>>> print(open('start33.tsv').read())   # TSV, C-alpha atoms and all ligand atoms
chain	number	residue	atom	x	y	z
A	1	MET	CA	123.37	65.78	123.05
A	2	ASN	CA	125.11	68.05	120.53
A	3	LEU	CA	127.69	70.66	121.39
A	4	PHE	CA	126.39	74.22	121.22
A	5	ASP	CA	128.07	75.18	117.99
A	6	VAL	CA	129.93	78.43	118.77
A	7	TYR	CA	133.53	77.63	117.87
A	8	PRO	CA	135.13	77.25	114.46
A	9	ILE	CA	136.63	73.84	115.03
A	10	ASN	CA	140.03	73.06	113.57
A	11	PRO	CA	139.82	69.42	112.47
A	12	ILE	CA	142.86	68.48	114.56
A	13	THR	CA	142.79	66.70	117.91
A	14	ILE	CA	145.71	67.52	120.17
A	15	THR	CA	146.33	64.64	122.54
A	16	SER	CA	149.68	65.39	124.17
A	17	ALA	CA	152.14	68.21	124.65
A	18	GLN	CA	155.46	69.19	126.14
A	19	GLY	CA	156.92	72.68	126.33
A	20	SER	CA	156.03	74.31	123.00
A	21	THR	CA	155.55	71.02	121.13
A	22	VAL	CA	152.15	69.39	120.75
A	23	TRP	CA	151.13	66.12	119.09
A	24	ASP	CA	147.86	65.15	117.43
A	25	ALA	CA	146.02	61.86	117.67
A	26	GLN	CA	147.94	60.53	114.64
A	27	GLY	CA	151.28	61.35	116.27
A	28	ASN	CA	152.06	64.39	114.09
A	29	GLU	CA	154.23	66.98	115.82
A	30	TYR	CA	153.41	70.71	115.82
A	31	LEU	CA	155.13	73.85	117.09
A	32	ASP	CA	152.73	75.78	119.31
A	33	LEU	CA	153.25	79.54	119.03
A	34	TYR	CA	149.80	80.40	120.21
A	35	GLY	CA	149.77	78.67	123.59
A	36	GLY	CA	146.05	78.24	123.49
A	37	HIS	CA	145.66	82.01	123.22
A	38	ALA	CA	148.33	83.24	125.66
A	39	VAL	CA	147.27	80.70	128.26
A	40	ILE	CA	150.30	78.43	128.16
A	41	SER	CA	152.90	80.59	129.88
A	42	ILE	CA	155.52	78.17	131.24
A	43	GLY	CA	155.06	75.53	128.53
A	44	HIS	CA	152.81	72.48	128.38
A	45	THR	CA	153.16	69.77	131.05
A	46	HIS	CA	156.07	71.46	132.86
A	47	PRO	CA	157.29	68.86	135.40
A	48	HIS	CA	157.18	71.26	138.38
A	49	TYR	CA	153.63	72.30	137.46
A	50	VAL	CA	152.44	68.71	137.03
A	51	LYS	CA	154.00	67.66	140.34
A	52	ARG	CA	152.65	70.61	142.33
A	53	LEU	CA	149.12	70.09	141.00
A	54	THR	CA	149.22	66.32	141.49
A	55	ASP	CA	150.56	66.66	145.06
A	56	GLN	CA	147.87	69.23	145.84
A	57	LEU	CA	145.11	67.07	144.40
A	58	ASN	CA	146.27	64.17	146.54
A	59	ARG	CA	146.00	66.38	149.64
A	60	ILE	CA	142.92	68.52	148.98
A	61	GLY	CA	141.56	70.03	145.75
A	62	PHE	CA	138.75	72.23	147.00
A	63	TYR	CA	137.24	73.69	150.09
A	64	SER	CA	134.99	76.72	150.08
A	65	ASN	CA	136.05	80.29	150.88
A	66	SER	CA	134.22	79.93	154.21
A	67	VAL	CA	137.53	78.79	155.76
A	68	GLU	CA	141.06	80.15	155.55
A	69	ILE	CA	143.09	78.89	152.58
A	70	PRO	CA	146.76	79.67	153.30
A	71	LEU	CA	147.68	78.94	149.66
A	72	GLN	CA	145.87	82.18	148.76
A	73	GLN	CA	148.18	84.26	150.96
A	74	GLN	CA	151.22	82.38	149.62
A	75	LEU	CA	150.07	83.24	146.11
A	76	ALA	CA	149.47	86.88	147.05
A	77	ASP	CA	152.98	87.12	148.56
A	78	LEU	CA	154.70	85.60	145.53
A	79	LEU	CA	152.61	87.55	143.02
A	80	GLY	CA	153.33	90.75	144.93
A	81	ARG	CA	157.05	90.06	144.79
A	82	VAL	CA	157.27	88.95	141.15
A	83	SER	CA	155.04	91.79	139.92
A	84	GLY	CA	156.76	94.39	142.09
A	85	LYS	CA	153.44	95.36	143.70
A	86	ASP	CA	153.79	94.07	147.26
A	87	ASN	CA	151.35	96.59	148.69
A	88	TYR	CA	148.44	95.68	146.39
A	89	GLN	CA	145.56	93.42	147.50
A	90	LEU	CA	144.64	90.24	145.66
A	91	PHE	CA	141.16	88.99	144.83
A	92	LEU	CA	140.99	85.60	143.11
A	93	CYS	CA	138.39	84.54	140.58
A	94	ASN	CA	138.19	82.18	137.59
A	95	SER	CA	138.60	83.97	134.26
A	96	GLY	CA	139.54	87.17	132.51
A	97	ALA	CA	135.97	88.32	132.02
A	98	GLU	CA	135.25	87.77	135.69
A	99	ALA	CA	138.39	89.70	136.64
A	100	ASN	CA	137.33	92.71	134.53
A	101	GLU	CA	133.75	92.43	135.75
A	102	ASN	CA	134.98	92.57	139.34
A	103	ALA	CA	137.43	95.39	138.58
A	104	LEU	CA	134.73	97.64	137.10
A	105	LYS	CA	132.23	96.76	139.78
A	106	LEU	CA	134.78	97.50	142.49
A	107	ALA	CA	135.63	100.83	140.84
A	108	SER	CA	131.95	101.75	140.99
A	109	PHE	CA	131.67	100.69	144.65
A	110	HIS	CA	134.76	102.80	145.31
A	111	ASN	CA	133.71	106.13	143.80
A	112	GLY	CA	129.97	105.62	143.45
A	113	ARG	CA	129.99	106.50	139.74
A	114	LYS	CA	128.71	104.78	136.59
A	115	LYS	CA	130.49	105.91	133.42
A	116	ILE	CA	133.20	103.66	132.00
A	117	VAL	CA	135.67	104.88	129.39
A	118	ALA	CA	136.86	102.15	127.00
A	119	PHE	CA	138.57	102.19	123.60
A	120	LYS	CA	137.94	101.27	119.99
A	121	GLY	CA	139.34	97.81	119.32
A	122	ALA	CA	139.16	96.77	122.99
A	123	PHE	CA	138.25	93.27	124.17
A	124	HIS	CA	137.50	92.74	127.86
A	125	GLY	CA	135.45	89.54	127.99
A	126	ARG	CA	131.91	88.27	127.60
A	127	THR	CA	130.16	88.96	130.92
A	128	SER	CA	127.83	91.91	131.28
A	129	LEU	CA	130.09	94.91	132.02
A	130	ALA	CA	133.14	93.36	130.39
A	131	VAL	CA	131.26	92.79	127.15
A	132	ALA	CA	129.64	96.23	127.32
A	133	ALA	CA	133.16	97.69	127.41
A	134	THR	CA	134.21	95.52	124.44
A	135	ASP	CA	134.20	97.13	121.02
A	136	ASN	CA	132.30	94.45	119.13
A	137	PRO	CA	128.53	95.03	118.80
A	138	LYS	CA	128.08	91.48	117.46
A	139	ILE	CA	128.85	89.91	120.82
A	140	ILE	CA	126.83	92.35	122.94
A	141	ALA	CA	123.36	90.94	123.65
A	142	PRO	CA	120.52	93.45	123.93
A	143	VAL	CA	120.42	92.95	127.71
A	144	ASN	CA	124.08	93.99	127.98
A	145	ARG	CA	123.73	97.24	126.04
A	146	THR	CA	124.26	100.28	128.20
A	147	ASP	CA	124.78	104.02	127.87
A	148	ASN	CA	127.32	103.87	130.65
A	149	VAL	CA	130.23	102.97	128.40
A	150	ILE	CA	131.93	105.71	126.36
A	151	PHE	CA	134.17	104.42	123.54
A	152	LEU	CA	137.07	106.66	122.53
A	153	PRO	CA	139.58	106.27	119.72
A	154	HIS	CA	142.69	104.39	120.86
A	155	ASN	CA	145.80	106.44	121.62
A	156	ASP	CA	143.94	109.73	121.10
A	157	VAL	CA	145.01	112.08	123.90
A	158	ALA	CA	142.83	114.97	122.71
A	159	ALA	CA	139.64	112.85	122.76
A	160	LEU	CA	140.51	111.61	126.24
A	161	GLU	CA	141.09	115.13	127.55
A	162	GLN	CA	137.84	116.31	126.04
A	163	VAL	CA	135.73	113.59	127.63
A	164	PHE	CA	137.29	114.27	131.03
A	165	SER	CA	136.78	118.01	130.71
A	166	GLU	CA	133.10	117.46	129.86
A	167	GLN	CA	132.14	114.53	132.13
A	168	GLY	CA	135.13	114.00	134.44
A	169	GLY	CA	133.04	114.05	137.62
A	170	ASP	CA	130.87	111.17	136.35
A	171	ILE	CA	133.66	108.90	135.12
A	172	CYS	CA	133.97	105.80	137.26
A	173	ALA	CA	136.85	104.09	135.47
A	174	VAL	CA	139.03	103.95	132.41
A	175	ILE	CA	139.76	100.40	131.27
A	176	ILE	CA	142.58	99.73	128.84
A	177	GLU	CA	144.73	96.84	127.65
A	178	GLY	CA	148.42	97.72	127.61
A	179	ILE	CA	148.44	96.03	124.23
A	180	GLN	CA	145.15	95.20	122.53
A	181	GLY	CA	145.18	91.49	121.70
A	182	VAL	CA	141.91	90.62	119.96
A	183	GLY	CA	142.04	94.13	118.43
A	184	GLY	CA	145.09	93.13	116.38
A	185	ILE	CA	148.11	93.76	118.66
A	186	GLN	CA	147.80	97.51	119.04
A	187	VAL	CA	150.20	98.95	121.62
A	188	ALA	CA	148.88	101.75	123.85
A	189	SER	CA	151.49	104.48	123.68
A	190	ASP	CA	153.40	105.38	126.83
A	191	ALA	CA	152.22	108.98	126.52
A	192	PHE	CA	148.59	107.84	126.31
A	193	LEU	CA	148.85	105.61	129.39
A	194	ARG	CA	150.53	108.43	131.34
A	195	ARG	CA	147.78	110.86	130.39
A	196	ILE	CA	145.15	108.32	131.51
A	197	ARG	CA	146.98	108.10	134.83
A	198	GLU	CA	147.06	111.88	135.27
A	199	LEU	CA	143.41	112.41	134.36
A	200	THR	CA	142.05	109.50	136.41
A	201	THR	CA	144.00	110.79	139.42
A	202	GLN	CA	142.83	114.37	138.88
A	203	TYR	CA	139.15	113.42	138.54
A	204	GLY	CA	138.97	110.58	141.07
A	205	ALA	CA	138.35	107.87	138.46
A	206	VAL	CA	139.83	104.36	138.69
A	207	PHE	CA	142.52	103.25	136.21
A	208	VAL	CA	141.86	99.59	135.31
A	209	ALA	CA	144.73	97.91	133.46
A	210	ASP	CA	143.37	94.87	131.61
A	211	SER	CA	146.41	92.60	131.73
A	212	VAL	CA	144.57	89.40	130.85
A	213	GLN	CA	146.39	88.90	127.57
A	214	CYS	CA	149.31	91.36	127.67
A	215	GLY	CA	150.21	90.79	131.33
A	216	TYR	CA	151.84	88.08	133.37
A	217	GLY	CA	155.35	88.67	132.05
A	218	ARG	CA	154.52	88.23	128.37
A	219	THR	CA	156.03	91.57	127.29
A	220	GLY	CA	159.15	91.19	129.40
A	221	ARG	CA	157.68	93.19	132.31
A	222	PHE	CA	155.05	91.72	134.60
A	223	TYR	CA	152.32	94.14	133.49
A	224	SER	CA	152.75	95.63	130.04
A	225	HIS	CA	151.58	98.96	131.48
A	226	ASP	CA	154.88	98.92	133.46
A	227	HIS	CA	156.76	99.89	130.28
A	228	ALA	CA	155.13	103.32	130.48
A	229	GLY	CA	156.13	103.68	134.14
A	230	VAL	CA	152.51	104.06	135.29
A	231	HIS	CA	150.75	102.34	138.16
A	232	ALA	CA	147.15	101.34	137.61
A	233	ASP	CA	144.63	101.21	140.46
A	234	ILE	CA	143.44	97.74	139.48
A	235	TYR	CA	145.16	95.12	137.28
A	236	SER	CA	143.06	92.27	135.91
A	237	MET	CA	144.76	89.02	134.94
A	238	ALA	CA	143.94	85.44	133.93
A	239	LYS	CA	145.17	83.42	130.91
A	240	GLY	CA	148.88	82.75	131.63
A	241	MET	CA	148.27	82.83	135.38
A	242	GLY	CA	147.28	79.16	135.55
A	243	ASN	CA	149.06	77.76	132.46
A	244	GLY	CA	145.75	76.14	131.52
A	245	PHE	CA	144.14	75.81	134.93
A	246	PRO	CA	141.25	78.31	135.03
A	247	ILE	CA	142.14	81.15	137.38
A	248	GLY	CA	141.80	84.91	137.21
A	249	ALA	CA	142.52	87.73	139.62
A	250	ILE	CA	142.57	91.41	140.26
A	251	ALA	CA	145.41	93.21	142.03
A	252	ILE	CA	143.93	96.20	143.83
A	253	SER	CA	145.70	99.34	145.00
A	254	PRO	CA	145.80	99.88	148.79
A	255	ALA	CA	143.75	103.07	148.28
A	256	ILE	CA	140.69	100.94	147.49
A	257	LYS	CA	139.23	99.47	150.66
A	258	PRO	CA	137.41	96.15	150.87
A	259	SER	CA	134.20	95.52	152.73
A	260	TYR	CA	132.62	92.19	153.57
A	261	GLY	CA	130.62	90.63	150.76
A	262	MET	CA	131.57	93.23	148.13
A	263	LEU	CA	133.02	90.57	145.82
A	264	GLY	CA	132.70	86.81	145.98
A	265	THR	CA	132.89	83.53	144.09
A	266	THR	CA	132.45	79.83	144.76
A	267	PHE	CA	135.47	78.49	142.90
A	268	GLY	CA	137.84	81.46	142.99
A	269	GLY	CA	141.03	80.83	144.96
A	270	ASN	CA	140.45	77.10	145.39
A	271	HIS	CA	143.39	74.93	146.43
A	272	LEU	CA	144.10	73.47	143.02
A	273	ALA	CA	143.91	76.83	141.23
A	274	CYS	CA	146.28	78.38	143.79
A	275	ALA	CA	148.71	75.47	143.43
A	276	ALA	CA	148.66	75.94	139.64
A	277	ALA	CA	149.25	79.68	139.91
A	278	LEU	CA	152.04	79.20	142.49
A	279	ALA	CA	153.75	76.65	140.25
A	280	VAL	CA	153.60	79.08	137.32
A	281	LEU	CA	155.17	81.93	139.30
A	282	GLU	CA	157.82	79.65	140.78
A	283	VAL	CA	158.85	78.50	137.31
A	284	MET	CA	158.73	82.03	135.89
A	285	ASP	CA	160.96	83.22	138.70
A	286	LYS	CA	163.41	80.31	138.66
A	287	GLU	CA	163.79	80.16	134.87
A	288	ASP	CA	163.68	83.94	134.35
A	289	LEU	CA	160.89	83.59	131.82
A	290	MET	CA	160.24	87.33	131.76
A	291	GLY	CA	163.85	87.84	130.70
A	292	ASN	CA	163.45	85.13	128.08
A	293	ALA	CA	160.23	86.72	126.78
A	294	ALA	CA	162.04	90.05	126.41
A	295	ALA	CA	165.08	88.50	124.68
A	296	ILE	CA	163.36	86.07	122.29
A	297	GLY	CA	160.61	88.60	121.66
A	298	ALA	CA	163.13	91.28	120.65
A	299	TYR	CA	164.97	88.79	118.44
A	300	LEU	CA	161.78	87.67	116.67
A	301	THR	CA	160.52	91.22	116.21
A	302	ASP	CA	163.85	92.46	114.82
A	303	GLU	CA	164.05	89.56	112.39
A	304	LEU	CA	160.42	89.94	111.30
A	305	ARG	CA	160.97	93.63	110.58
A	306	LYS	CA	163.55	92.60	107.94
A	307	PHE	CA	160.84	90.90	105.81
A	308	ASP	CA	159.86	93.39	103.16
A	309	ARG	CA	156.47	91.81	102.40
A	310	ILE	CA	155.20	92.25	105.94
A	311	ARG	CA	153.25	95.49	106.31
A	312	GLU	CA	153.94	96.03	109.98
A	313	VAL	CA	155.23	94.14	113.02
A	314	ARG	CA	153.67	95.31	116.30
A	315	GLY	CA	153.88	94.34	119.94
A	316	ARG	CA	156.34	93.82	122.73
A	317	GLY	CA	158.14	90.75	124.03
A	318	LEU	CA	156.22	87.60	123.12
A	319	MET	CA	153.03	89.37	122.13
A	320	ILE	CA	153.61	89.96	118.44
A	321	GLY	CA	151.30	90.94	115.59
A	322	ILE	CA	152.42	90.39	112.00
A	323	ASP	CA	150.28	92.58	109.77
A	324	LEU	CA	150.21	91.18	106.24
A	325	PRO	CA	148.78	92.68	103.07
A	326	GLU	CA	145.40	91.11	102.29
A	327	GLU	CA	146.68	88.90	99.48
A	328	LEU	CA	148.98	87.15	102.00
A	329	ALA	CA	146.24	86.32	104.50
A	330	VAL	CA	146.48	82.66	103.39
A	331	VAL	CA	149.96	82.41	104.91
A	332	ARG	CA	148.64	81.72	108.42
A	333	LYS	CA	146.63	78.68	107.28
A	334	ASP	CA	149.60	77.43	105.26
A	335	LEU	CA	151.90	77.67	108.28
A	336	LEU	CA	149.64	75.14	109.99
A	337	ALA	CA	148.93	72.93	106.97
A	338	LYS	CA	152.47	72.81	105.55
A	339	ASN	CA	154.80	73.57	108.47
A	340	ARG	CA	152.65	72.35	111.37
A	341	ILE	CA	152.98	75.63	113.25
A	342	PHE	CA	150.06	76.95	115.29
A	343	THR	CA	149.67	80.71	115.25
A	344	GLY	CA	146.74	82.92	116.15
A	345	GLU	CA	144.64	85.27	114.13
A	346	ALA	CA	143.53	88.81	114.81
A	347	LYS	CA	141.52	90.21	111.93
A	348	PRO	CA	141.92	88.09	108.80
A	349	ASN	CA	145.42	89.30	107.95
A	350	VAL	CA	147.15	89.76	111.29
A	351	ILE	CA	149.09	86.73	112.54
A	352	ARG	CA	149.20	86.75	116.32
A	353	LEU	CA	152.07	85.10	118.18
A	354	LEU	CA	151.39	84.39	121.84
A	355	PRO	CA	153.76	81.51	122.58
A	356	ALA	CA	154.88	80.13	125.91
A	357	LEU	CA	157.35	82.49	127.62
A	358	SER	CA	159.82	79.60	127.57
A	359	ILE	CA	160.25	79.34	123.77
A	360	THR	CA	163.82	79.12	122.55
A	361	LYS	CA	165.76	80.80	119.77
A	362	ASN	CA	165.47	77.50	117.84
A	363	HIS	CA	161.68	77.75	117.94
A	364	ALA	CA	161.91	81.35	116.75
A	365	ASP	CA	164.24	80.36	113.88
A	366	ARG	CA	161.98	77.50	112.87
A	367	PHE	CA	159.10	79.95	112.60
A	368	LEU	CA	161.15	82.55	110.68
A	369	GLU	CA	162.28	79.94	108.14
A	370	ALA	CA	158.75	78.61	107.71
A	371	LEU	CA	157.38	82.11	107.22
A	372	GLU	CA	159.99	82.86	104.60
A	373	GLU	CA	159.02	79.68	102.70
A	374	ARG	CA	155.31	80.45	102.88
A	375	LEU	CA	155.78	84.03	101.72
A	376	LYS	CA	157.70	82.73	98.70
A	377	ASP	CA	154.69	80.53	97.79
A	378	VAL	CA	152.27	83.41	97.43
A	401	LIG	N1	140.58	90.68	128.45
A	401	LIG	C1	141.39	90.45	127.41
A	401	LIG	C2	142.39	91.48	127.03
A	401	LIG	C3	141.31	89.25	126.70
A	401	LIG	O1	142.10	89.03	125.64
A	401	LIG	C4	140.37	88.27	127.11
A	401	LIG	C5	140.25	86.93	126.40
A	401	LIG	N2	140.51	86.94	125.06
A	401	LIG	C6	139.55	88.55	128.20
A	401	LIG	C7	139.69	89.75	128.85
A	401	LIG	C8	138.52	87.56	128.68
A	401	LIG	O2	139.13	86.47	129.29
A	401	LIG	P1	138.34	85.10	129.54
A	401	LIG	O3	138.13	84.47	128.20
A	401	LIG	O4	139.22	84.32	130.44
A	401	LIG	O5	137.05	85.48	130.18
>>> encode(input="start33.tsv", output="structure tokens", more="lines below")
Ligand code: PMP
Amino acid sequence: MNLFDVYPINPITITSAQGSTVWDAQGNEYLDLYGGHAVISIGHTHPHYVKRLTDQLNRIGFYSNSVEIPLQQQLADLLGRVSGKDNYQLFLCNSGAEANENALKLASFHNGRKKIVAFKGAFHGRTSLAVAATDNPKIIAPVNRTDNVIFLPHNDVAALEQVFSEQGGDICAVIIEGIQGVGGIQVASDAFLRRIRELTTQYGAVFVADSVQCGYGRTGRFYSHDHAGVHADIYSMAKGMGNGFPIGAIAISPAIKPSYGMLGTTFGGNHLACAAALAVLEVMDKEDLMGNAAAIGAYLTDELRKFDRIREVRGRGLMIGIDLPEELAVVRKDLLAKNRIFTGEAKPNVIRLLPALSITKNHADRFLEALEERLKDV
């Protein structure tokens, strides 16, 4: 049987990893500044994480949601504390797309409406509503096309006000990433997020904060929307939540009431996934990884802004976009080939850094030196 050929495969096999270092099958060492796309939050093979998962697997790995699973409440308590949203309600699922799918569906159950406002450059996942709210026609299958999604320009307050003044009573939800990831590290302005909050409140629409990539402490605050001082009605999360173990979730404001059977999943909230997510939060808390993300992120960003050949440096904390002029697009490939540093791509000429929240100043310096070398080459 062949693999269904949908990924551009890098001809490298990673066979082991520790912290932000990974090794290939030949024993070559690499610096991982991409964390498997924001997924590795506390670093690869963290001893506490490995132990907690192994212990859990030796006890019980899975039992269905037909019985009580106390690990779920433990996770809700710790997540509530670390995120500063004790009074929210937690629903556990398995991925970012599923989290957004559930968020939008729940919004529609809540206010009975259908129209979703989303933004140019947004990425929300590949399931039906999530992909319909994603600004990339190439990945929307005909069956997922819908008139229910209204795309507005990003950070455009006037366009937002206009759509609410014309159709406010029909708008079910506004969904927005605090920082667009796939869209090229585009930060939603504080003023824009505040205006979304005001208008959604005024018109009875639900504010969905897609925190799948920009959340979970990456920007130095638990949800990147926190920087604007706004509270969303629903936060979706996944990626860094399990440090590689598939788990997603939505945190739901107390104003939205559950009813039996409204949402559901077979695997969501299973014992192993909860143990993984608990281990991640315990490490984040104990090692102050949010503080580290803020500090190392600020250092990296400040240093990168001193490079005169970089067009723009965007982002917050450890979610950084390095926008290069087109003729320097080759730099990202060279960083891997010549310096053995994994980075991510957003559009051909934006280098995306989404490292573990535990990276050190030494890692940052190694990257800065490598980038300087590579820029000299071109
Ligand atoms: N939302 C955002 C902001 C994302 O970046 C992604 C993944 N790139 C998703 C949702 C979808 O997550 P998943 O791949 O886990 O379904």
>>> closest_residue(input="start33.tsv", among="A:Glu372, A:Glu287, A:Asp210, A:Asp308", to="ligand LIG 401 (chain A)", atoms="only C-alpha atoms and all ligand atoms")
A:Asp210
>>> residues_near_ligand(input="start33.tsv", ligand="ligand LIG 401 (chain A)", cutoff="6 Å", atoms="all atoms listed in the file", output="PyMOL selection string")
chain A and resi 95-97+123-125+177+181-182+210+212-213+238
>>> write_last_selection(input="start33.tsv", atoms="C-alpha atoms", output="CSV table (one decimal), in the coordinates of the input")
chain,number,residue,atom,x,y,z
A,95,SER,CA,138.6,84.0,134.3
A,96,GLY,CA,139.5,87.2,132.5
A,97,ALA,CA,136.0,88.3,132.0
A,123,PHE,CA,138.2,93.3,124.2
A,124,HIS,CA,137.5,92.7,127.9
A,125,GLY,CA,135.4,89.5,128.0
A,177,GLU,CA,144.7,96.8,127.6
A,181,GLY,CA,145.2,91.5,121.7
A,182,VAL,CA,141.9,90.6,120.0
A,210,ASP,CA,143.4,94.9,131.6
A,212,VAL,CA,144.6,89.4,130.8
A,213,GLN,CA,146.4,88.9,127.6
A,238,ALA,CA,143.9,85.4,133.9
>>> atom_distance(input="start33.tsv", atom1="atom CA of A:Lys239", atom2="atom CA of A:Val350")
20.7 Å
>>> atom_distance(input="start33.tsv", atom1="atom CA of A:Ile171", atom2="atom CA of A:Thr200")
8.5 Å
>>> residues_around(input="start33.tsv", residues="A:Leu304", least_positions_apart="5", cutoff="8 Å", atoms="all atoms listed in the file", output="PDB file with C-alpha atoms, in the coordinates of the input")
ATOM      1  CA  ILE A 310     155.200  92.250 105.940  1.00  0.00           C
ATOM      2  CA  VAL A 313     155.230  94.140 113.020  1.00  0.00           C
ATOM      3  CA  LEU A 368     161.150  82.550 110.680  1.00  0.00           C
TER       4      LEU A 368
END
>>> residues_near_point(input="start33.tsv", point="(157.7, 67.6, 109.3)", cutoff="12 Å", atoms="only C-alpha atoms", output="list in words")
Trp23, Gly27, Asn28, Glu29, Tyr30, Leu31, Leu335, Leu336, Ala337, Lys338, Asn339, Arg340, Ile341, Arg366 and Ala370 of chain A
>>> atom_distance(input="start33.tsv", atom1="atom CA of A:Lys361", atom2="atom CA of A:Leu300")
8.5 Å
>>> closest_residue(input="start33.tsv", among="A:Asn270, A:Gln186, A:Thr301, A:Asn111", to="A:Val67", atoms="all atoms listed in the file")
A:Asn270
>>> closest_residue(input="start33.tsv", among="A:Val330, A:Leu375, A:Ala273, A:Met319", to="A:Asn94", atoms="all atoms listed in the file")
A:Ala273
>>> closest_residue(input="start33.tsv", among="A:Gly229, A:Gly204, A:Pro142, A:Pro258", to="A:Gly178", atoms="all atoms listed in the file")
A:Gly229
>>> residues_around(input="start33.tsv", residues="A:Phe245", least_positions_apart="5", cutoff="12 Å", atoms="all atoms listed in the file", output="mmCIF file with C-alpha atoms, in the coordinates of the input")
data_model
loop_
_atom_site.group_PDB
_atom_site.id
_atom_site.type_symbol
_atom_site.label_atom_id
_atom_site.label_comp_id
_atom_site.auth_asym_id
_atom_site.auth_seq_id
_atom_site.Cartn_x
_atom_site.Cartn_y
_atom_site.Cartn_z
ATOM 1 C CA GLY A 36 146.050 78.240 123.490
ATOM 2 C CA VAL A 39 147.270 80.700 128.260
ATOM 3 C CA ILE A 40 150.300 78.430 128.160
ATOM 4 C CA SER A 41 152.900 80.590 129.880
ATOM 5 C CA HIS A 44 152.810 72.480 128.380
ATOM 6 C CA THR A 45 153.160 69.770 131.050
ATOM 7 C CA TYR A 49 153.630 72.300 137.460
ATOM 8 C CA VAL A 50 152.440 68.710 137.030
ATOM 9 C CA LEU A 53 149.120 70.090 141.000
ATOM 10 C CA CYS A 93 138.390 84.540 140.580
ATOM 11 C CA ASN A 94 138.190 82.180 137.590
ATOM 12 C CA SER A 95 138.600 83.970 134.260
ATOM 13 C CA ALA A 238 143.940 85.440 133.930
ATOM 14 C CA LYS A 239 145.170 83.420 130.910
ATOM 15 C CA GLY A 240 148.880 82.750 131.630
ATOM 16 C CA GLY A 268 137.840 81.460 142.990
ATOM 17 C CA GLY A 269 141.030 80.830 144.960
ATOM 18 C CA ASN A 270 140.450 77.100 145.390
ATOM 19 C CA HIS A 271 143.390 74.930 146.430
ATOM 20 C CA LEU A 272 144.100 73.470 143.020
ATOM 21 C CA ALA A 273 143.910 76.830 141.230
ATOM 22 C CA CYS A 274 146.280 78.380 143.790
ATOM 23 C CA ALA A 275 148.710 75.470 143.430
ATOM 24 C CA ALA A 276 148.660 75.940 139.640
ATOM 25 C CA ALA A 277 149.250 79.680 139.910
ATOM 26 C CA LEU A 278 152.040 79.200 142.490
ATOM 27 C CA ALA A 279 153.750 76.650 140.250
ATOM 28 C CA VAL A 280 153.600 79.080 137.320
#
>>> residues_around(input="start33.tsv", residues="A:Ser128", least_positions_apart="3", cutoff="10 Å", atoms="only C-alpha atoms", output="tab-separated table (two decimals) with C-alpha atoms, in the coordinates of the input")
chain	number	residue	atom	x	y	z
A	97	ALA	CA	135.97	88.32	132.02
A	98	GLU	CA	135.25	87.77	135.69
A	101	GLU	CA	133.75	92.43	135.75
A	125	GLY	CA	135.45	89.54	127.99
A	131	VAL	CA	131.26	92.79	127.15
A	132	ALA	CA	129.64	96.23	127.32
A	133	ALA	CA	133.16	97.69	127.41
A	140	ILE	CA	126.83	92.35	122.94
A	141	ALA	CA	123.36	90.94	123.65
A	143	VAL	CA	120.42	92.95	127.71
A	144	ASN	CA	124.08	93.99	127.98
A	145	ARG	CA	123.73	97.24	126.04
A	146	THR	CA	124.26	100.28	128.20
>>> closest_residue(input="start33.tsv", among="A:Arg197, A:Ala293, A:Gln167, A:Asp285", to="A:Cys214", atoms="all atoms listed in the file")
A:Ala293
>>> residues_near_point(input="start33.tsv", point="(146.8, 83.9, 103.7)", cutoff="10 Å", atoms="all atoms listed in the file", output="list in words")
Leu324, Pro325, Glu326, Glu327, Leu328, Ala329, Val330, Val331, Arg332, Lys333, Asp334, Leu335, Pro348, Asn349, Val350, Ile351, Arg374, Leu375 and Val378 of chain A
>>> closest_residue(input="start33.tsv", among="A:Ala346, A:Asp170, A:Arg195, A:Pro137", to="A:Asn155", atoms="only C-alpha atoms")
A:Arg195
>>> residues_around(input="start33.tsv", residues="A:Ala107", least_positions_apart="5", cutoff="7 Å", atoms="all atoms listed in the file", output="list in words")
Cys172, Ala173 and Val206 of chain A
